[in-house]
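Enquirer: Enclosed is the structure file data_27.cif (mmCIF, C-alpha atoms).
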data_protein
loop_
_atom_site.label_atom_id
_atom_site.label_comp_id
_atom_site.auth_asym_id
_atom_site.auth_seq_id
_atom_site.Cartn_x
_atom_site.Cartn_y
_atom_site.Cartn_z
CA MET N 1 -5.66 -2.46 16.38
CA ASP N 2 -9.03 -3.92 15.48
CA LEU N 3 -9.03 -7.61 16.38
CA ARG N 4 -11.56 -8.53 13.67
CA ARG N 5 -8.58 -9.61 11.55
CA LYS N 6 -7.83 -13.32 11.36
CA PRO N 7 -4.04 -13.66 11.62
CA ARG N 8 -2.62 -16.21 9.22
CA GLY N 9 0.78 -17.62 10.19
CA ASP N 10 3.41 -16.01 12.42
CA LYS N 11 3.59 -12.30 13.12
CA ILE N 12 6.84 -11.02 11.59
CA TYR N 13 6.46 -7.22 11.60
CA ARG N 14 4.51 -4.60 13.51
CA GLY N 15 4.70 -0.84 13.38
CA ALA N 16 2.99 2.52 13.12
CA TYR N 17 3.16 5.79 11.15
CA ASN N 18 2.46 9.44 11.82
CA TYR N 19 1.01 11.56 8.99
CA PHE N 20 2.05 15.21 8.81
CA LYS N 21 0.95 18.12 6.63
CA GLY N 22 3.62 20.69 7.36
CA ASP N 23 4.02 20.50 11.14
CA ASN N 24 0.45 19.30 11.74
CA LEU N 25 -0.14 15.67 12.71
CA TYR N 26 -3.42 14.67 11.06
CA ALA N 27 -3.51 10.85 10.97
CA GLU N 28 -2.01 7.73 12.50
CA GLU N 29 -1.63 4.24 11.10
CA GLU N 30 -0.87 0.89 12.76
CA PHE N 31 0.01 -2.35 10.99
CA GLU N 32 0.97 -5.98 11.46
CA VAL N 33 2.35 -8.48 8.95
CA TYR N 34 2.08 -12.28 9.18
CA LYS N 35 3.87 -15.01 7.24
CA ASP N 36 2.49 -18.45 6.46
CA ARG N 37 5.50 -20.70 7.11
CA LYS N 38 4.01 -23.51 5.03
CA GLU N 39 2.74 -21.68 1.95
CA LEU N 40 5.16 -18.72 2.43
CA GLY N 41 2.39 -16.25 1.61
CA MET N 42 1.98 -13.06 3.63
CA SER N 43 -0.92 -11.20 5.24
CA PHE N 44 -0.85 -7.45 5.78
CA PHE N 45 -3.26 -5.93 8.33
CA GLY N 46 -3.47 -2.21 8.97
CA GLU N 47 -5.74 0.52 10.28
CA LEU N 48 -5.65 4.29 9.83
CA HIS N 49 -7.38 6.89 12.01
CA SER N 50 -7.85 10.54 11.07
CA ARG N 51 -10.08 13.34 12.34
CA VAL N 52 -11.79 15.12 9.42
CA ALA N 53 -12.88 18.76 9.21
CA THR N 54 -16.39 17.94 10.53
CA GLY N 55 -14.87 16.47 13.68
CA GLU N 56 -15.85 12.92 12.76
CA MET N 57 -13.32 10.10 12.90
CA LEU N 58 -12.32 8.44 9.65
CA THR N 59 -11.18 4.83 10.01
CA VAL N 60 -9.69 2.82 7.15
CA TYR N 61 -9.00 -0.89 7.62
CA VAL N 62 -6.95 -3.06 5.23
CA ASP N 63 -6.56 -6.84 5.07
CA TYR N 64 -4.26 -7.77 2.17
CA THR N 65 -3.15 -11.33 1.34
CA LEU N 66 -0.32 -12.07 -1.10
CA SER N 67 1.28 -15.22 -2.45
CA LYS N 68 4.91 -16.13 -1.78
CA ASP N 69 5.74 -14.22 -5.00
CA TYR N 70 3.90 -11.12 -3.74
CA VAL N 71 1.03 -11.59 -6.18
CA PRO N 72 -2.24 -10.27 -4.69
CA ARG N 73 -4.71 -12.97 -3.64
CA LYS N 74 -7.33 -11.03 -1.74
CA LEU N 75 -7.72 -7.46 -0.52
CA LEU N 76 -10.37 -6.10 1.83
CA VAL N 77 -10.67 -2.34 2.38
CA GLU N 78 -13.24 -1.00 4.83
CA LYS N 79 -13.81 2.74 5.34
CA THR N 80 -15.95 4.18 8.13
CA LEU N 81 -16.92 7.83 8.62
CA GLY N 82 -19.79 8.51 10.99
CA LYS N 83 -22.67 6.33 9.80
CA GLU N 84 -21.11 5.80 6.37
CA VAL N 85 -19.45 2.41 5.79
CA VAL N 86 -17.93 1.32 2.49
CA THR N 87 -16.38 -2.06 1.83
CA GLU N 88 -14.26 -3.03 -1.17
CA ILE N 89 -13.22 -6.62 -1.90
CA PHE N 90 -10.67 -7.62 -4.52
CA ASP N 91 -10.40 -11.37 -5.22
CA PHE N 92 -7.81 -12.57 -7.77
CA ASN N 93 -8.08 -15.84 -9.72
CA PRO N 94 -4.53 -16.56 -11.02
CA LYS N 95 -5.71 -19.43 -13.25
CA ILE N 96 -7.52 -17.05 -15.58
CA ASN N 97 -5.87 -13.73 -14.59
CA MET N 98 -9.22 -12.31 -13.59
CA LEU N 99 -9.96 -10.11 -10.60
CA ASP N 100 -13.39 -9.86 -8.97
CA TYR N 101 -14.15 -6.42 -7.54
CA LEU N 102 -17.03 -5.85 -5.15
CA PHE N 103 -18.05 -2.41 -3.86
CA ILE N 104 -20.57 -2.33 -0.99
CA SER N 105 -22.13 0.89 0.33
CA SER N 106 -25.46 2.17 1.64
CA ASP N 107 -26.53 2.42 -2.02
CA GLY N 108 -26.13 -1.34 -2.50
CA GLN N 109 -23.50 -3.44 -4.27
CA GLU N 110 -21.55 -3.17 -7.50
CA HIS N 111 -19.68 -6.16 -8.88
CA ILE N 112 -17.31 -6.26 -11.83
CA GLU N 113 -14.63 -8.55 -13.25
CA VAL N 114 -11.35 -7.05 -14.42
CA LYS N 115 -8.71 -8.71 -16.61
CA VAL N 116 -5.24 -8.22 -15.11
CA PRO N 117 -1.68 -9.30 -16.00
CA PRO N 118 -0.15 -12.28 -14.17
CA ARG N 119 2.05 -9.93 -12.12
CA PHE N 120 0.57 -6.73 -10.72
CA ALA N 121 -0.07 -4.83 -7.50
CA ILE N 122 -3.15 -3.18 -6.01
CA THR N 123 -3.06 0.23 -4.36
CA THR N 124 -4.48 0.52 -0.85
CA PRO N 125 -5.17 3.65 1.22
CA LEU N 126 -2.47 2.69 3.77
CA THR N 127 1.23 3.49 3.73
CA PHE N 128 2.72 0.17 4.83
CA THR N 129 1.61 -1.49 1.56
CA SER N 130 2.45 1.50 -0.66
CA MET N 131 5.75 0.15 -2.04
CA LEU N 132 4.74 -3.49 -2.52
CA PHE N 133 4.67 -2.88 -6.28
CA LEU N 134 8.49 -3.10 -6.18
CA LYS N 135 8.02 -6.86 -5.78
CA VAL N 136 6.07 -7.18 -9.05
CA LYS N 137 9.18 -7.78 -11.15
CA LYS N 138 12.96 -7.88 -11.00
CA GLU N 139 14.32 -4.39 -10.60
CA ASP N 140 16.92 -2.74 -12.80
CA VAL N 141 18.74 -0.76 -10.12
CA THR N 142 20.37 1.58 -12.65
CA ALA N 143 17.25 2.73 -14.52
CA LYS N 144 13.60 3.70 -14.20
CA ASN N 145 11.29 0.73 -13.69
CA PHE N 146 7.65 0.58 -14.81
CA TYR N 147 5.09 -1.29 -12.70
CA PRO N 148 1.46 -2.19 -13.49
CA ILE N 149 -0.81 -1.10 -10.63
CA LEU N 150 -4.55 -1.61 -10.21
CA SER N 151 -6.21 1.45 -8.68
CA VAL N 152 -9.71 2.69 -7.89
CA LYS N 153 -11.23 6.17 -7.64
CA ASN N 154 -14.34 5.08 -5.72
CA GLN N 155 -14.64 6.67 -2.30
CA TRP N 156 -18.10 6.72 -0.65
CA ARG N 157 -20.05 6.02 -3.85
CA TYR N 158 -19.33 3.73 -6.78
CA GLU N 159 -18.19 5.75 -9.78
CA GLU N 160 -16.16 3.50 -12.05
CA PRO N 161 -14.43 0.09 -12.21
CA PRO N 162 -10.79 -0.43 -11.17
CA TYR N 163 -8.30 0.77 -13.75
CA GLN N 164 -4.68 -0.01 -14.51
CA GLN N 165 -2.03 2.66 -14.23
CA ILE N 166 1.73 2.52 -14.56
CA ILE N 167 3.90 3.64 -11.68
CA VAL N 168 7.52 4.53 -12.36
CA ALA N 169 10.18 4.09 -9.68
CA GLU N 170 13.89 4.76 -9.74
CA ARG N 171 16.51 4.37 -7.07
CA ALA N 172 17.85 7.73 -5.95
CA ALA N 173 21.04 5.97 -4.84
CA LEU N 174 22.42 2.54 -5.72
CA ALA N 175 23.27 1.67 -2.12
CA SER N 176 21.15 1.94 1.00
CA GLU N 177 21.51 5.00 3.21
CA ASN N 178 21.44 5.36 6.96
CA LEU N 179 18.18 6.95 8.03
CA ASN N 180 17.59 8.32 11.53
CA ILE N 181 14.22 7.22 12.89
CA GLY N 182 13.45 8.11 16.49
CA GLY N 183 17.13 8.35 17.35
CA GLN N 184 17.91 5.00 15.74
CA SER N 185 19.89 4.61 12.53
CA VAL N 186 18.41 2.12 10.04
CA PRO N 187 19.44 1.22 6.46
CA ALA N 188 16.93 2.42 3.84
CA THR N 189 16.90 2.51 0.04
CA PRO N 190 15.86 5.89 -1.42
CA TYR N 191 13.45 6.03 -4.37
CA LYS N 192 11.78 8.57 -6.60
CA VAL N 193 8.25 7.59 -7.66
CA TRP N 194 6.17 9.04 -10.51
CA ASP N 195 2.85 8.41 -12.19
CA SER N 196 3.77 7.53 -15.78
CA GLU N 197 1.30 10.13 -17.11
CA ASP N 198 3.15 12.89 -15.23
CA LEU N 199 6.40 11.76 -16.80
CA GLU N 200 4.88 11.72 -20.28
CA GLN N 201 3.74 15.31 -19.87
CA GLN N 202 7.20 16.51 -18.88
CA ASP N 203 10.38 16.41 -20.95
CA ASP N 204 12.55 16.34 -17.84
CA SER N 205 11.81 13.85 -15.05
CA ASN N 206 13.22 16.33 -12.54
CA THR N 207 10.37 18.74 -13.28
CA ALA N 208 7.59 16.12 -13.24
CA THR N 209 5.68 15.69 -10.00
CA PHE N 210 7.17 12.88 -7.92
CA ALA N 211 7.22 11.46 -4.41
CA THR N 212 10.23 10.22 -2.49
CA ALA N 213 10.40 7.09 -0.38
CA GLN N 214 12.90 5.59 2.02
CA VAL N 215 12.24 1.85 1.82
CA SER N 216 13.22 -0.81 4.34
CA LYS N 217 14.59 -4.24 3.49
CA HIS N 218 11.54 -5.75 5.20
CA SER N 219 9.06 -6.57 2.40
CA THR N 220 9.50 -3.03 0.98
CA ILE N 221 7.71 -1.47 3.98
CA PRO N 222 8.69 2.21 3.82
CA TYR N 223 10.16 4.16 6.69
CA LEU N 224 9.44 7.55 5.18
CA LEU N 225 7.35 9.03 2.34
CA ARG N 226 7.33 12.64 1.17
CA SER N 227 5.33 14.45 -1.50
CA GLN N 228 6.13 17.77 -3.10
CA ASP N 229 3.05 19.40 -1.56
CA GLY N 230 4.39 19.08 1.99
CA LEU N 231 2.93 15.72 3.00
CA LYS N 232 5.24 13.58 5.16
CA ILE N 233 4.48 10.09 6.45
CA GLN N 234 7.09 8.80 8.88
CA VAL N 235 7.33 5.53 10.74
CA LYS N 236 6.68 5.99 14.46
CA TYR N 237 8.03 2.59 15.39
CA PHE N 238 8.89 -0.61 13.54
CA ASN N 239 9.55 -4.02 15.08
CA ASP N 240 11.09 -6.92 13.17
CA LEU N 241 9.74 -10.04 14.89
CA ASP N 242 10.85 -12.53 12.23
CA LYS N 243 12.62 -15.51 13.81
CA ASP N 244 14.18 -16.62 10.50
#
Represent the structure of the file as structure tokens.
Expert:
Amino acid sequence: MDLRRKPRGDKIYRGAYNYFKGDNLYAEEEFEVYKDRKELGMSFFGELHSRVATGEMLTVYVDYTLSKDYVPRKLLVEKTLGKEVVTEIFDFNPKINMLDYLFISSDGQEHIEVKVPPRFAITTPLTFTSMLFLKVKKEDVTAKNFYPILSVKNQWRYEEPPYQQIIVAERAALASENLNIGGQSVPATPYKVWDSEDLEQQDDSNTATFATAQVSKHSTIPYLLRSQDGLKIQVKYFNDLDKD
């Protein structure tokens, strides 16, 4: 993993994922998580590598800092493809519930301020942070839960400011299930996840487009994600290094 990161606290988790489309492996992701023993905040570092159709290597780097309550503090996303480099910085001020967003590309910089609720999550391009929104509020384990998420559509050029969407998640089983990962059985909680707009367009949640997730007890880091179009992201290895 790229050592440009600046670890904050003690390393508590490390792991990796394989990305499959059908039987084809098309990307790999590595991650590390650190915990500040004094402030109890957490830092998530990850990097994804994928070969695109042109043969060039796409690299996506994430540095995500959260408070002890899993409220975003700062997020850095850096994408590199050939000579193209794009950097996004999200900086949250909890005193005024305002988020600074900075987009840097070869075209220059775009800066905007976005009003956000006190509790929210930010989407990142990497899997190991994909279920952190579950920490936004107390979960009703017997019903669908609605979570405010800040997302962006900007890829290699700035197109529009971050926007808020609502993600819906529901436990597919009340108790954890045993999941076989690399010959090892681990407890995981199964979820169904929808975009709220997809649910609104369908009368039956079983017909709306959804993804499934098998989520670990370790800061909601998922072991397995599946989409209905054949995408599967599965943990390659996961190490719990937490001494507590």
Enquirer: Evaluate the PyMOL selection byres ((chain N and resi 237) around 8) here and jot the selected residues down as a list of chain:residue names.
Expert: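 Taken over the shown coordinates, the PyMOL selection byres ((chain N and resi 237) around 8) returns N:Gly15, N:Ala16, N:Tyr17, N:Gly182, N:Val235, N:Lys236, N:Phe238, N:Asn239.
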Enquirer: Write a file of the selected residues as a CSV table (one decimal), in the frame of the given file, keeping C-alpha atoms.
Expert:
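For reference, again-v4.csv as written:
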chain,number,residue,atom,x,y,z
N,15,GLY,CA,4.7,-0.8,13.4
N,16,ALA,CA,3.0,2.5,13.1
N,17,TYR,CA,3.2,5.8,11.2
N,182,GLY,CA,13.4,8.1,16.5
N,235,VAL,CA,7.3,5.5,10.7
N,236,LYS,CA,6.7,6.0,14.5
N,238,PHE,CA,8.9,-0.6,13.5
N,239,ASN,CA,9.6,-4.0,15.1
Enquirer: For the file shown, report as a list of chain:residue names the outcome of the PyMOL selection byres ((chain N and resi 134-142) around 8) at residue level.
Expert: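 Applied to this file, the PyMOL selection byres ((chain N and resi 134-142) around 8) returns N:Asp69, N:Tyr70, N:Val71, N:Arg119, N:Phe120, N:Ala121, N:Met131, N:Leu132, N:Phe133, N:Ala143, N:Lys144, N:Asn145, N:Tyr147, N:Glu170, N:Arg171, N:Leu174, N:Thr220.
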Enquirer: Exactly which residues make up the result of the PyMOL selection byres ((chain N and resi 123) around 12) on this file, given as an MDAnalysis selection string?
Expert: chainID N and resid 62 64 72 75:77 90 120:122 124:133 147:153 162:167
Enquirer: At what distance in Å, to one decimal, does atom CA of Glu88 of chain N lie from atom CA of His49 of chain N?
Expert: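 Answer for the atom CA of His49 of chain N to atom CA of Glu88 of chain N separation: 17.9 Å.
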Enquirer: Tell me which protein, DNA and RNA residues are within 8 Å of segment 34-36 of chain N, counting all atoms listed in the file, leaving out same-chain ones fewer than 5 positions away, and put them as JSON, numbers by chain.
Expert: {"N": [7, 8, 9, 10, 11, 12, 13, 41, 42, 43, 44]}
Enquirer: For a quick check of understanding, using all atoms listed in the file, which of N:Ile233, N:Met57, N:Val186, N:Ile104 has the smallest distance to His218 of chain N?
Expert: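 The shortest atom-to-atom distance to His218 of chain N comes from N:Val186.
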